[in-house]
>>> print(open('data.txt').read())   # compact mmCIF, C-alpha atoms
# COMPACT_ATOMS: atom_id res chain seq x y z
CA MET A 1 0.00 0.00 0.00
CA ILE A 2 1.03 3.63 -0.40
CA HIS A 3 1.88 5.13 2.95
CA GLY A 4 0.63 8.49 4.16
CA VAL A 5 -0.65 9.92 0.88
CA THR A 6 -4.03 10.62 -0.62
CA ALA A 7 -4.89 10.91 -4.26
CA PRO A 8 -7.02 13.41 -6.16
CA PRO A 9 -9.97 12.13 -8.19
CA ALA A 10 -8.97 10.54 -11.48
CA ALA A 11 -10.85 8.81 -14.26
CA VAL A 12 -10.79 5.03 -14.37
CA GLU A 13 -12.99 3.70 -17.12
CA GLY A 14 -15.05 0.55 -17.37
CA CYS A 15 -17.99 -0.44 -19.52
CA SER A 16 -20.41 -3.20 -20.36
CA PRO A 17 -20.61 -4.56 -23.89
CA GLN A 18 -24.08 -3.14 -24.34
CA HIS A 19 -23.01 0.50 -24.25
CA ASP A 20 -20.52 2.88 -25.75
CA MET A 21 -18.00 4.12 -23.26
CA ALA A 22 -16.00 7.21 -22.47
CA ARG A 23 -12.63 7.06 -24.21
CA VAL A 24 -9.33 7.92 -22.59
CA GLU A 25 -6.38 8.03 -24.98
CA PRO A 26 -2.69 7.79 -23.98
CA GLU A 27 -1.29 11.29 -23.45
CA TYR A 28 2.30 10.54 -22.34
CA ASP A 29 5.31 8.87 -23.92
CA ARG A 30 6.85 5.68 -22.51
CA GLU A 31 9.69 7.57 -20.84
CA ALA A 32 7.27 9.70 -18.81
CA ILE A 33 5.19 6.61 -17.94
CA ASN A 34 8.26 4.74 -16.69
CA ARG A 35 9.43 7.72 -14.63
CA ALA A 36 6.03 7.87 -12.95
CA GLY A 37 6.19 4.13 -12.28
CA THR A 38 9.66 4.41 -10.73
CA LEU A 39 8.44 7.16 -8.42
CA LEU A 40 5.41 5.06 -7.43
CA ARG A 41 7.75 2.16 -6.61
CA GLU A 42 9.84 4.36 -4.31
CA VAL A 43 6.75 5.66 -2.51
CA GLU A 44 5.48 2.10 -2.12
CA ARG A 45 8.77 1.01 -0.53
CA HIS A 46 9.65 3.97 1.63
CA GLY A 47 6.66 6.31 1.92
CA ARG A 48 6.50 9.71 0.27
CA VAL A 49 8.49 11.65 2.89
CA GLU A 50 11.35 9.17 3.21
CA ALA A 51 11.50 8.81 -0.57
CA LYS A 52 11.85 12.63 -0.73
CA VAL A 53 8.93 13.04 -3.13
CA ASP A 54 7.05 16.32 -2.83
CA LEU A 55 3.28 16.47 -3.28
CA GLN A 56 3.37 18.23 -6.64
CA GLN A 57 5.74 15.60 -8.00
CA TYR A 58 3.54 12.82 -6.64
CA TRP A 59 0.31 14.28 -8.07
CA GLY A 60 2.04 14.64 -11.42
CA ALA A 61 3.09 10.99 -11.38
CA LEU A 62 -0.46 9.91 -10.48
CA ASP A 63 -1.86 11.91 -13.40
CA VAL A 64 0.46 10.03 -15.76
CA ILE A 65 -0.32 6.62 -14.21
CA ASN A 66 -4.09 7.17 -14.15
CA ASN A 67 -4.10 8.26 -17.78
CA TRP A 68 -2.00 5.25 -18.77
CA ARG A 69 -4.13 2.65 -16.99
CA SER A 70 -7.40 4.33 -18.04
CA SER A 71 -6.33 4.27 -21.69
CA HIS A 72 -6.42 0.47 -21.54
CA ALA A 73 -10.18 0.46 -20.91
CA TYR A 74 -11.22 0.87 -24.54
CA PRO A 75 -9.09 -1.97 -25.96
CA LEU A 76 -9.99 -4.09 -22.92
CA ASN A 77 -13.67 -3.69 -23.67
CA ALA A 78 -13.15 -4.66 -27.31
CA ILE A 79 -11.32 -7.86 -26.39
CA GLN A 80 -13.80 -8.68 -23.61
CA VAL A 81 -16.77 -8.34 -25.97
CA THR A 82 -15.10 -10.75 -28.40
CA LEU A 83 -14.37 -13.19 -25.55
CA ARG A 84 -17.98 -13.04 -24.39
CA GLY A 85 -19.29 -13.79 -27.88
CA THR A 86 -16.81 -16.63 -28.39
CA ALA A 87 -17.68 -18.19 -25.02
CA ARG A 88 -21.37 -17.92 -25.84
CA ARG A 89 -20.85 -19.86 -29.07
CA ARG A 90 -18.44 -22.50 -27.79
CA ALA A 91 -19.12 -23.09 -24.09
CA GLY A 92 -22.13 -24.50 -22.29
CA LYS A 93 -21.68 -22.47 -19.11
CA TYR A 94 -19.54 -19.38 -18.84
CA LEU A 95 -19.12 -16.09 -17.03
CA VAL A 96 -17.08 -13.18 -18.37
CA ALA A 97 -15.91 -10.12 -16.42
CA GLN A 98 -13.30 -7.38 -16.80
CA ARG A 99 -11.34 -4.93 -14.68
CA ILE A 100 -8.72 -2.17 -14.82
CA LYS A 101 -5.79 -2.80 -12.45
CA ARG A 102 -5.97 -0.97 -9.12
CA LEU A 103 -3.32 1.57 -8.16
CA SER A 104 -2.36 -0.46 -5.08
CA SER A 105 -1.86 -3.56 -7.24
CA ILE A 106 0.27 -1.60 -9.69
CA SER A 107 2.52 -0.22 -6.95
CA HIS A 108 2.83 -3.63 -5.28
CA LYS A 109 3.81 -5.32 -8.54
CA LEU A 110 6.41 -2.66 -9.33
CA ASP A 111 7.84 -3.16 -5.86
CA ARG A 112 8.08 -6.94 -6.30
CA PHE A 113 9.76 -6.83 -9.72
CA GLU A 114 12.73 -4.47 -9.70
CA SER A 115 13.37 -4.63 -13.43
CA MET A 116 9.73 -4.06 -14.44
CA ARG A 117 8.81 -0.81 -16.15
CA LEU A 118 5.26 0.50 -15.95
CA SER A 119 5.00 0.76 -19.73
CA GLN A 120 5.77 -2.99 -19.93
CA MET A 121 3.14 -4.13 -17.43
CA GLN A 122 0.90 -6.51 -19.33
CA ASP A 123 -2.18 -6.75 -17.11
CA LEU A 124 -3.29 -3.15 -16.60
CA GLY A 125 -6.46 -4.22 -18.38
CA GLY A 126 -7.72 -7.75 -17.86
CA CYS A 127 -10.74 -9.90 -18.66
CA ARG A 128 -11.58 -13.41 -17.52
CA ALA A 129 -13.80 -16.26 -18.65
CA ILE A 130 -14.87 -18.78 -16.00
CA LEU A 131 -16.02 -21.95 -17.72
CA GLY A 132 -17.88 -25.03 -16.55
CA GLY A 133 -15.03 -27.49 -17.04
CA VAL A 134 -11.48 -28.01 -18.21
CA ALA A 135 -12.54 -29.28 -21.63
CA GLU A 136 -14.21 -25.93 -22.33
CA VAL A 137 -11.13 -24.03 -21.12
CA GLN A 138 -8.90 -26.07 -23.40
CA ASP A 139 -11.27 -25.69 -26.35
CA LEU A 140 -11.37 -21.91 -25.95
CA ALA A 141 -7.59 -21.73 -25.49
CA GLN A 142 -7.08 -23.77 -28.65
CA TYR A 143 -9.50 -21.56 -30.53
CA TYR A 144 -7.65 -18.40 -29.56
CA GLY A 145 -4.23 -19.97 -30.03
CA LYS A 146 -4.72 -21.56 -33.42
CA MET A 147 -8.07 -20.90 -35.06
CA SER A 148 -9.12 -17.34 -34.21
CA ARG A 149 -8.84 -14.81 -37.04
CA GLN A 150 -8.92 -11.81 -34.76
CA LYS A 151 -6.71 -8.83 -35.56
CA HIS A 152 -5.18 -8.53 -32.11
CA GLU A 153 -1.71 -10.06 -31.92
CA ILE A 154 -1.05 -12.74 -29.30
CA ALA A 155 2.09 -11.59 -27.50
CA THR A 156 2.40 -14.47 -25.03
CA VAL A 157 0.50 -17.55 -23.88
CA ASP A 158 1.07 -19.12 -20.44
CA ASP A 159 -0.57 -22.50 -19.86
CA TYR A 160 -0.66 -22.93 -16.09
CA ILE A 161 -2.96 -25.93 -16.48
CA ASP A 162 -0.42 -28.06 -18.32
CA LYS A 163 2.34 -26.62 -16.14
CA PRO A 164 0.82 -25.42 -12.83
CA LYS A 165 2.59 -22.79 -10.76
CA ALA A 166 4.30 -23.96 -7.56
CA SER A 167 1.68 -21.94 -5.66
CA GLY A 168 -1.05 -24.22 -7.00
CA TYR A 169 -2.47 -21.65 -9.43
CA ARG A 170 -3.87 -23.04 -12.68
CA GLY A 171 -5.42 -21.39 -15.70
CA VAL A 172 -4.50 -20.22 -19.20
CA HIS A 173 -3.31 -16.63 -19.74
CA PHE A 174 -3.14 -14.79 -23.05
CA ILE A 175 -1.54 -11.38 -23.54
CA PHE A 176 -2.94 -9.57 -26.57
CA LYS A 177 -1.62 -6.49 -28.34
CA TYR A 178 -4.66 -4.51 -29.37
CA HIS A 179 -4.92 -3.62 -33.06
CA SER A 180 -7.50 -1.66 -35.02
CA ASP A 181 -7.55 -0.50 -38.65
CA ILE A 182 -10.01 2.26 -37.72
CA LYS A 183 -8.16 5.56 -37.63
CA ALA A 184 -9.99 6.83 -34.54
CA ASN A 185 -8.83 3.79 -32.54
CA GLN A 186 -5.21 3.61 -33.64
CA SER A 187 -3.89 5.49 -30.62
CA TYR A 188 -4.61 2.26 -28.70
CA ASN A 189 -2.68 -0.01 -31.06
CA GLY A 190 -0.03 -1.98 -29.23
CA LEU A 191 -1.61 -1.68 -25.76
CA LYS A 192 -1.49 -5.03 -23.96
CA ILE A 193 -4.55 -6.72 -22.49
CA GLU A 194 -4.56 -9.90 -20.41
CA MET A 195 -7.19 -12.60 -20.87
CA GLN A 196 -7.55 -15.44 -18.35
CA LEU A 197 -9.40 -18.72 -18.89
CA ARG A 198 -10.27 -20.86 -15.86
CA SER A 199 -12.51 -23.78 -15.01
CA ARG A 200 -15.02 -23.35 -12.22
CA TYR A 201 -12.86 -25.35 -9.81
CA GLN A 202 -9.69 -23.48 -10.73
CA HIS A 203 -11.56 -20.25 -10.07
CA ALA A 204 -12.75 -21.58 -6.70
CA TRP A 205 -9.12 -22.23 -5.72
CA ALA A 206 -8.03 -18.72 -6.76
CA THR A 207 -11.00 -17.21 -4.92
CA ALA A 208 -10.03 -18.93 -1.67
CA VAL A 209 -6.43 -17.69 -1.97
CA GLU A 210 -7.57 -14.11 -2.44
CA THR A 211 -10.14 -14.33 0.35
CA VAL A 212 -7.65 -15.64 2.92
CA GLY A 213 -5.07 -13.12 1.73
CA MET A 214 -7.44 -10.17 2.12
CA PHE A 215 -8.74 -11.14 5.54
CA SER A 216 -5.37 -12.13 6.98
CA GLY A 217 -3.48 -9.20 5.45
CA GLN A 218 -1.11 -11.44 3.50
CA ALA A 219 -0.11 -11.29 -0.18
CA LEU A 220 -0.76 -15.01 -0.69
CA LYS A 221 -1.75 -14.35 -4.30
CA SER A 222 1.85 -13.23 -4.87
CA SER A 223 3.27 -16.25 -2.98
CA LEU A 224 4.12 -14.09 0.03
CA GLY A 225 3.09 -14.49 3.65
CA SER A 226 2.49 -17.56 5.79
CA GLU A 227 4.42 -20.62 4.57
CA GLU A 228 1.75 -22.84 6.10
CA TRP A 229 -1.01 -21.23 4.05
CA GLN A 230 1.14 -21.36 0.92
CA ARG A 231 1.76 -25.08 1.42
CA PHE A 232 -1.93 -25.72 2.07
CA PHE A 233 -2.93 -24.03 -1.19
CA SER A 234 -0.23 -25.88 -3.15
CA LEU A 235 -1.66 -29.15 -1.84
CA MET A 236 -5.22 -28.10 -2.67
CA GLY A 237 -4.04 -27.13 -6.16
CA SER A 238 -2.96 -30.74 -6.66
CA VAL A 239 -6.18 -32.06 -5.14
CA VAL A 240 -8.23 -30.08 -7.66
CA ALA A 241 -5.86 -31.03 -10.50
CA MET A 242 -6.23 -34.70 -9.55
CA ARG A 243 -10.01 -34.32 -9.65
CA GLU A 244 -9.75 -32.73 -13.10
CA LYS A 245 -7.27 -35.46 -14.22
CA LEU A 246 -4.55 -32.93 -15.02
CA PRO A 247 -0.85 -32.45 -14.10
CA LEU A 248 -0.26 -31.93 -10.39
CA VAL A 249 1.42 -28.96 -8.72
CA PRO A 250 5.23 -29.26 -8.51
CA ASP A 251 6.72 -30.51 -5.22
CA THR A 252 3.48 -32.02 -3.91
CA PRO A 253 2.86 -35.76 -3.36
CA THR A 254 1.97 -37.58 -6.57
CA GLN A 255 -0.06 -40.31 -4.85
CA ARG A 256 -3.53 -39.66 -3.46
CA VAL A 257 -3.03 -41.14 0.03
CA PRO A 258 0.07 -39.11 1.04
CA LEU A 259 -1.36 -35.99 -0.69
CA LEU A 260 -4.60 -36.16 1.30
CA ALA A 261 -2.76 -37.00 4.52
CA GLU A 262 -0.64 -33.86 4.24
CA LEU A 263 -3.66 -31.80 3.21
CA ALA A 264 -5.58 -32.98 6.28
CA GLU A 265 -2.62 -32.03 8.47
CA TYR A 266 -2.53 -28.45 7.19
CA ALA A 267 -6.32 -28.07 7.05
CA GLY A 268 -6.47 -28.98 10.73
CA ARG A 269 -3.48 -26.90 11.74
CA LEU A 270 -4.88 -23.78 10.06
CA ASN A 271 -8.50 -24.48 11.02
CA VAL A 272 -9.37 -23.83 7.38
CA ALA A 273 -13.07 -24.72 7.38
CA ASP A 274 -13.94 -22.59 10.41
CA ARG A 275 -11.92 -19.65 9.14
CA LEU A 276 -13.51 -19.66 5.69
CA HIS A 277 -17.00 -20.02 7.17
CA GLY A 278 -16.18 -17.14 9.52
CA TYR A 279 -14.94 -14.89 6.73
CA ARG A 280 -18.13 -15.41 4.76
CA SER A 281 -20.32 -14.80 7.80
CA ALA A 282 -18.39 -11.61 8.54
CA VAL A 283 -19.14 -9.97 5.21
CA LYS A 284 -22.24 -7.81 5.32
CA ALA A 285 -23.09 -7.20 1.69
CA MET A 286 -24.52 -3.70 1.87
CA GLN A 287 -25.97 -2.99 -1.52
CA GLN A 288 -26.63 0.70 -1.96
CA PRO A 289 -29.59 1.58 -4.21
CA THR A 290 -28.52 0.15 -7.57
CA GLN A 291 -29.69 2.02 -10.62
CA SER A 292 -31.85 0.04 -13.01
CA GLY A 293 -29.73 -1.30 -15.84
CA ALA A 294 -26.43 -0.90 -13.96
CA SER A 295 -23.53 -2.62 -15.71
CA TYR A 296 -20.61 -1.08 -13.82
CA PHE A 297 -20.09 -1.72 -10.11
CA LEU A 298 -17.82 -0.37 -7.39
CA LEU A 299 -16.98 -2.95 -4.69
CA GLN A 300 -15.54 -1.66 -1.42
CA LEU A 301 -14.43 -4.30 1.09
CA ASP A 302 -13.23 -3.66 4.62
CA PRO A 303 -12.02 -7.04 5.98
CA THR A 304 -11.41 -5.61 9.45
CA GLN A 305 -15.04 -4.55 9.85
CA GLY A 306 -16.40 -7.38 7.72
CA THR A 307 -18.33 -5.02 5.44
CA LEU A 308 -18.81 -4.96 1.70
CA SER A 309 -20.39 -2.03 -0.12
CA VAL A 310 -21.69 -2.60 -3.67
CA THR A 311 -22.71 0.43 -5.74
CA GLY A 312 -24.05 0.11 -9.27
CA TYR A 313 -23.80 2.65 -12.09
CA ARG A 314 -25.32 2.92 -15.54
CA ALA A 315 -23.00 3.42 -18.51
CA GLU A 316 -23.84 7.13 -18.74
CA ASN A 317 -22.72 7.61 -15.11
CA ILE A 318 -19.22 6.20 -15.54
CA ALA A 319 -17.64 9.60 -14.79
CA GLU A 320 -19.30 9.62 -11.37
CA ALA A 321 -18.21 6.01 -10.76
CA SER A 322 -14.62 6.87 -11.70
CA LYS A 323 -14.59 9.76 -9.24
CA LYS A 324 -15.98 7.59 -6.43
CA TYR A 325 -13.36 4.93 -7.15
CA ALA A 326 -10.50 7.43 -7.00
CA GLU A 327 -11.85 8.81 -3.72
CA ALA A 328 -12.14 5.26 -2.29
CA GLU A 329 -8.54 4.46 -3.30
CA ALA A 330 -7.35 7.62 -1.59
CA ALA A 331 -9.31 6.95 1.60
CA GLN A 332 -8.05 3.36 1.84
CA ALA A 333 -4.36 4.09 1.22
CA GLY A 334 -2.24 2.38 3.86
CA SER A 335 -5.11 0.21 5.17
CA ASN A 336 -6.21 -3.37 4.59
CA ALA A 337 -9.41 -2.20 2.88
CA ASP A 338 -9.83 -2.71 -0.84
CA SER A 339 -11.84 -1.21 -3.70
CA VAL A 340 -12.24 -2.40 -7.26
CA PRO A 341 -14.36 -1.19 -10.20
CA VAL A 342 -15.77 -4.06 -12.23
CA SER A 343 -18.00 -4.64 -15.22
CA VAL A 344 -20.36 -7.61 -15.52
CA GLU A 345 -23.63 -8.13 -17.34
CA SER A 346 -25.80 -7.83 -14.24
CA VAL A 347 -25.70 -7.55 -10.47
CA THR A 348 -26.77 -11.20 -10.23
CA ASN A 349 -23.48 -12.18 -11.88
CA LEU A 350 -21.43 -10.06 -9.48
CA GLY A 351 -21.08 -12.67 -6.75
CA ARG A 352 -20.10 -15.34 -9.26
CA ALA A 353 -17.52 -13.18 -11.03
CA TYR A 354 -15.94 -11.76 -7.85
CA PRO A 355 -16.74 -14.22 -5.06
CA ASN A 356 -13.61 -13.27 -3.13
CA TYR A 357 -15.21 -9.89 -2.36
CA PHE A 358 -18.16 -11.74 -0.84
CA ALA A 359 -15.81 -14.17 0.95
CA ASP A 360 -17.74 -16.88 -0.89
CA THR A 361 -15.52 -19.97 -0.75
CA ARG A 362 -18.29 -22.56 -0.65
CA VAL A 363 -17.15 -24.39 -3.80
CA PHE A 364 -13.58 -24.53 -2.50
CA LEU A 365 -14.73 -25.87 0.87
CA GLN A 366 -16.79 -28.58 -0.81
CA LEU A 367 -13.78 -29.56 -2.93
CA MET A 368 -11.62 -29.82 0.19
CA GLN A 369 -14.16 -31.64 2.32
CA GLN A 370 -15.06 -34.12 -0.41
CA ALA A 371 -11.39 -34.91 -1.00
CA LEU A 372 -10.76 -35.50 2.70
CA SER A 373 -13.86 -37.69 2.97
CA GLY A 374 -12.71 -39.82 0.06
CA HIS A 375 -15.83 -39.10 -2.01
CA SER A 376 -15.93 -36.84 -5.07
CA ARG A 377 -19.50 -35.87 -5.85
CA GLY A 378 -21.05 -33.10 -7.87
CA ILE A 379 -20.85 -29.64 -6.34
CA VAL A 380 -23.95 -27.47 -6.35
CA VAL A 381 -23.87 -24.09 -4.63
CA PRO A 382 -26.81 -21.62 -4.57
CA GLU A 383 -26.29 -18.27 -6.23
CA VAL A 384 -24.87 -15.45 -4.13
CA HIS A 385 -27.58 -12.99 -3.10
CA ILE A 386 -26.61 -9.45 -2.19
CA GLU A 387 -28.65 -8.41 0.79
CA PRO A 388 -28.68 -5.45 3.18
CA PRO A 389 -26.95 -6.07 6.52
CA VAL A 390 -28.96 -7.37 9.44
CA GLY A 391 -27.54 -6.81 12.92
CA PRO A 392 -23.89 -6.44 13.84
CA ALA A 393 -21.17 -8.14 11.79
CA PRO A 394 -19.85 -11.37 13.30
CA ARG A 395 -16.28 -11.34 14.51
CA VAL A 396 -13.73 -12.02 11.78
CA PRO A 397 -11.28 -14.77 12.75
CA GLY A 398 -7.79 -13.37 13.29
CA PRO A 399 -4.70 -14.25 11.26
CA PRO A 400 -3.37 -17.80 11.55
CA THR A 401 -1.14 -18.64 14.45
CA ASN A 402 2.07 -20.63 14.24
CA SER A 403 0.74 -23.39 16.48
CA LYS A 404 2.26 -26.83 16.03
CA ILE A 405 0.42 -30.04 15.33
CA GLU A 406 -0.62 -31.78 18.50
>>> encode(input="data.txt", output="structure tokens")
Amino acid sequence: MIHGVTAPPAAVEGCSPQHDMARVEPEYDREAINRAGTLLREVERHGRVEAKVDLQQYWGALDVINNWRSSHAYPLNAIQVTLRGTARRRAGKYLVAQRIKRLSSISHKLDRFESMRLSQMQDLGGCRAILGGVAEVQDLAQYYGKMSRQKHEIATVDDYIDKPKASGYRGVHFIFKYHSDIKANQSYNGLKIEMQLRSRYQHAWATAVETVGMFSGQALKSSLGSEEWQRFFSLMGSVVAMREKLPLVPDTPTQRVPLLAELAEYAGRLNVADRLHGYRSAVKAMQQPTQSGASYFLLQLDPTQGTLSVTGYRAENIAEASKKYAEAEAAQAGSNADSVPVSVESVTNLGRAYPNYFADTRVFLQLMQQALSGHSRGIVVPEVHIEPPVGPAPRVPGPPTNSKIE
């Protein structure tokens, strides 16, 4: 997080496929963008005062960064709309969502990777398709990799299903370079957009990692924090891979019996089931009056208080949504709270696309509990309903202790 600074309002775009959207074009060259990123990295590491960055210099850098990330919204929307149409034609069940990378995520990533330059960051704009099964993920990946005639160039493809990450993460990632022959859109040519393809179970795993990370204040998604939690999620990655009959996570047991024995050990040590149930109970989904036809949503989660605020906006009110998002980022700087602007087709899809913000790890818990029981059955979970809070929020379980196995 950025320490001891607040940010002025800035535009961060997002849009549903049904509407035109406000356009933000790149206004700065790569040198200026990289200078702003370097300054953001220093503030992330040392704080503004210790880094000897004055306010005017900092505001200037934020202007550059906000313009750069906002300019990815238009090409992101174009690629997301294509993904949605392709998934509709080729997949039985699917869910597509998109997001522009948060300022806190940008600064954290720059801090982690010393050699990274902001102009090279490939996931400032990202969209994701969550599909019913692995066969649909692989079909869509093959379509994009070999058969698609789209104009956007594929810069890189990372298949974390065939070769899972040591963390347990699995999915297929494409990086596209946007391209348009339309003159009005050519200022966006070359901007990079990330597309992720996951099965439902792979998404459940990733959701649990993000939920535990947010509530415990650990960057587990970046393979940082508690070694016990990291090992638990590596083991669960292999459990899910075994269920999907796919390659297991490196450095985990290759046989079911020792894999489940170690999983049971860590699940008990970390009290996983109770913690995840507690996190979900703690979240009071406080939906503010959502405008009819809203397709753009601002999620504001405070894990300490166990509250989630969901505010919906119509496409014509994106400017207001962008201002509210910038204000939320500024107010949350240096805290464990989190805000993200997202675009999905409807509010009913919100909980399915971003279950980590609702602490909804029910699919993950069923995967774990079925594995430990020795029975793999179908998993059916009711839709997430966003309701106003009733009564005080339950206590959120604290971060894991380093207790030993008895």
>>> closest_residue(input="data.txt", among="A:Thr86, A:Gln305, A:Asn77, A:Asn34", to="Tyr279 in chain A", atoms="all atoms listed in the file")
A:Gln305
>>> closest_residue(input="data.txt", among="A:Leu40, A:Leu298, A:Val240, A:Leu276", to="Pro164 in chain A", atoms="all atoms listed in the file")
A:Val240
>>> residues_around(input="data.txt", residues="Gln196 in chain A", least_positions_apart="4", cutoff="6 Å", atoms="only C-alpha atoms", output="MDAnalysis selection string")
chainID A and resid 128 172:173
>>> atom_distance(input="data.txt", atom1="CA of Arg99 in chain A", atom2="CA of Met236 in chain A")
26.8 Å
>>> atom_distance(input="data.txt", atom1="CA of Met195 in chain A", atom2="CA of Phe176 in chain A")
7.7 Å
>>> atom_distance(input="data.txt", atom1="CA of Ala129 in chain A", atom2="CA of Leu197 in chain A")
5.0 Å
>>> residues_near_point(input="data.txt", point="(-6.4, -2.1, 3.4)", cutoff="12 Å", atoms="only C-alpha atoms", output="ChimeraX atom specification")
/A:1-3,104-105,213-219,300-305,328-339
>>> closest_residue(input="data.txt", among="A:Val363, A:Val212, A:Ile130, A:Ala36", to="Leu118 in chain A", atoms="all atoms listed in the file")
A:Ala36
>>> closest_residue(input="data.txt", among="A:His277, A:Lys165, A:Lys93, A:Lys183", to="Gln366 in chain A", atoms="only C-alpha atoms")
A:His277
>>> closest_residue(input="data.txt", among="A:Leu62, A:Leu76, A:Leu372, A:Leu248", to="Tyr266 in chain A", atoms="only C-alpha atoms")
A:Leu372
>>> closest_residue(input="data.txt", among="A:Leu110, A:Ile182, A:Ile193, A:Ala135", to="Glu44 in chain A", atoms="only C-alpha atoms")
A:Leu110
>>> residues_around(input="data.txt", residues="Gln122 in chain A", least_positions_apart="5", cutoff="10 Å", atoms="all atoms listed in the file", output="compact mmCIF listing (two decimals) with C-alpha atoms, in the coordinates of the input")
# COMPACT_ATOMS: atom_id res chain seq x y z
CA ALA A 155 2.09 -11.59 -27.50
CA THR A 156 2.40 -14.47 -25.03
CA PHE A 174 -3.14 -14.79 -23.05
CA ILE A 175 -1.54 -11.38 -23.54
CA PHE A 176 -2.94 -9.57 -26.57
CA LYS A 177 -1.62 -6.49 -28.34
CA LEU A 191 -1.61 -1.68 -25.76
CA LYS A 192 -1.49 -5.03 -23.96
CA ILE A 193 -4.55 -6.72 -22.49
CA GLU A 194 -4.56 -9.90 -20.41
